[in-house]
Amino acid sequence: MTKERLIKKYANRRLYDASISKHVTLEDIRDLIVKGEKIRVVEDKSGEDITRLILLQVIAEQEQFGKPILTTQLLESIIRYYGGPMQDFMARYLEQSVSTFMRQQESVQQQISQMLNSTPPPMNAMAEMTRQNMELWNRMQESMLAMMVSPRKSRPSDETESADETDAEPTAPSPRQGSL
């Protein structure tokens, strides 16, 4: 297990990486996280752990100046859960969803690497991997969502439209239509 890097935040708002004896920026912290480093940020005077605050600042900077991941709708939804009875559940759900997504990405990368190294490339293996990943994702979401109370009910008009679309099949011509 990698050791946590201690970063101190001074009263002048500067961040100091004690392991390399150097001042760092939020971008430097982002780079450390991307590389897989564990960090812990503390206030220099009080020793208070402010890691979450700094990580939120890194995310805010990425959302503002980089390519955003969090849509306005998603942010609004998350805000609605704060202070509510489902806040803890939402936190666990998001954490598990991201963790599952990351594991699937690692699995996909490994399987693609194996596929590219074998001759001839087995496309059936790729299709099976995709099917398994989708089943895993669906089972995880179904179990998590089954625990939640859905605030919205589907509208009857939506069900009617989707039923009409899926039930519509082409019909064979009747014997009269075929003979003239």
# chains A, B, ... in the order shown; residues from 1 in each chain; ligands from 1

call {"tool": "residues_around", "arguments": {"residues": "stretch 13-28 of chain A", "least_positions_apart": "5", "cutoff": "10 Å", "atoms": "only C-alpha atoms", "output": "list of chain:residue names"}}
result
A:Glu4, A:Arg5, A:Leu6, A:Ile7, A:Lys8, A:Ile33, A:Val34, A:Ile39, A:Arg40, A:Val41, A:Val42, A:Glu43, A:Asp44, A:Ile54, A:Leu55, A:Gln57, A:Val58, A:Ile59, A:Glu61, A:Gln62

call {"tool": "write_last_selection", "arguments": {"atoms": "N, CA and C atoms", "output": "short mmCIF file (atom, residue, chain, number, x, y, z; two decimals), in the first residue's frame"}}
result
data_model
loop_
_atom_site.label_atom_id
_atom_site.label_comp_id
_atom_site.auth_asym_id
_atom_site.auth_seq_id
_atom_site.Cartn_x
_atom_site.Cartn_y
_atom_site.Cartn_z
N GLU A 4 0.58 7.64 2.46
CA GLU A 4 -0.12 8.91 2.25
C GLU A 4 0.88 10.06 2.22
N ARG A 5 0.70 10.95 1.25
CA ARG A 5 1.55 12.14 1.19
C ARG A 5 0.91 13.22 2.04
N LEU A 6 1.69 13.80 2.92
CA LEU A 6 1.20 14.86 3.79
C LEU A 6 1.42 16.21 3.12
N ILE A 7 0.33 16.93 2.99
CA ILE A 7 0.39 18.27 2.42
C ILE A 7 -0.18 19.23 3.45
N LYS A 8 0.57 20.28 3.72
CA LYS A 8 0.14 21.26 4.72
C LYS A 8 -0.37 22.51 4.02
N ILE A 33 -3.19 12.70 -7.63
CA ILE A 33 -4.37 11.84 -7.54
C ILE A 33 -4.50 10.99 -8.81
N VAL A 34 -4.30 11.60 -9.97
CA VAL A 34 -4.39 10.88 -11.24
C VAL A 34 -3.37 9.74 -11.28
N ILE A 39 -3.30 11.22 -0.68
CA ILE A 39 -2.85 12.45 -0.03
C ILE A 39 -3.69 12.71 1.21
N ARG A 40 -3.12 13.49 2.09
CA ARG A 40 -3.84 13.99 3.26
C ARG A 40 -3.40 15.44 3.43
N VAL A 41 -4.38 16.34 3.45
CA VAL A 41 -4.08 17.77 3.57
C VAL A 41 -4.54 18.22 4.95
N VAL A 42 -3.66 18.90 5.66
CA VAL A 42 -3.98 19.39 7.00
C VAL A 42 -3.66 20.88 7.10
N GLU A 43 -4.43 21.55 7.95
CA GLU A 43 -4.13 22.95 8.28
C GLU A 43 -2.84 22.93 9.11
N ASP A 44 -1.91 23.80 8.78
CA ASP A 44 -0.62 23.81 9.47
C ASP A 44 -0.75 24.10 10.95
N ILE A 54 -9.98 20.35 -0.09
CA ILE A 54 -9.01 20.55 -1.17
C ILE A 54 -9.41 19.73 -2.39
N LEU A 55 -9.87 18.49 -2.18
CA LEU A 55 -10.31 17.67 -3.31
C LEU A 55 -11.52 18.29 -4.01
N GLN A 57 -12.07 21.45 -4.17
CA GLN A 57 -11.52 22.58 -4.92
C GLN A 57 -10.91 22.10 -6.24
N VAL A 58 -10.24 20.95 -6.21
CA VAL A 58 -9.66 20.39 -7.44
C VAL A 58 -10.78 20.06 -8.42
N ILE A 59 -11.87 19.44 -7.92
CA ILE A 59 -13.01 19.12 -8.78
C ILE A 59 -13.63 20.39 -9.34
N GLU A 61 -12.27 23.24 -9.88
CA GLU A 61 -11.38 23.81 -10.89
C GLU A 61 -11.49 23.04 -12.20
N GLN A 62 -11.56 21.72 -12.13
CA GLN A 62 -11.71 20.91 -13.33
C GLN A 62 -13.05 21.16 -14.00
#

call {"tool": "closest_residue", "arguments": {"among": "A:Leu70, A:Lys9, A:Met86, A:Tyr81", "to": "A:Thr51", "atoms": "only C-alpha atoms"}}
result
A:Lys9

call {"tool": "atom_distance", "arguments": {"atom1": "atom CA of A:Leu136", "atom2": "atom CA of A:Gln104"}}
result
9.2 Å

call {"tool": "closest_residue", "arguments": {"among": "A:Ile112, A:Ala125, A:Leu56, A:Met144", "to": "A:Leu94", "atoms": "only C-alpha atoms"}}
result
A:Met144

call {"tool": "atom_distance", "arguments": {"atom1": "atom CA of A:Arg139", "atom2": "atom CA of A:Gln96"}}
result
12.5 Å

call {"tool": "closest_residue", "arguments": {"among": "A:Gln87, A:Ser113, A:Met129, A:Tyr93", "to": "A:Glu142", "atoms": "only C-alpha atoms"}}
result
A:Tyr93

call {"tool": "atom_distance", "arguments": {"atom1": "atom CA of A:Lys38", "atom2": "atom CA of A:Gly66"}}
result
22.3 Å

call {"tool": "select_by_dssp", "arguments": {"residues": "stretch 9-103 of chain A", "states": "strand (DSSP E)", "output": "PyMOL selection string"}}
result
chain A and resi 9+15-17+22-24+39-43

call {"tool": "residues_around", "arguments": {"residues": "A:Phe101", "least_positions_apart": "5", "cutoff": "12 Å", "atoms": "only C-alpha atoms", "output": "list in words"}}
result
Leu94, Glu95, Gln96, Glu106, Ser107, Val108, Asn133, Met134, Leu136, Trp137, Asn138, Met140 and Gln141 of chain A
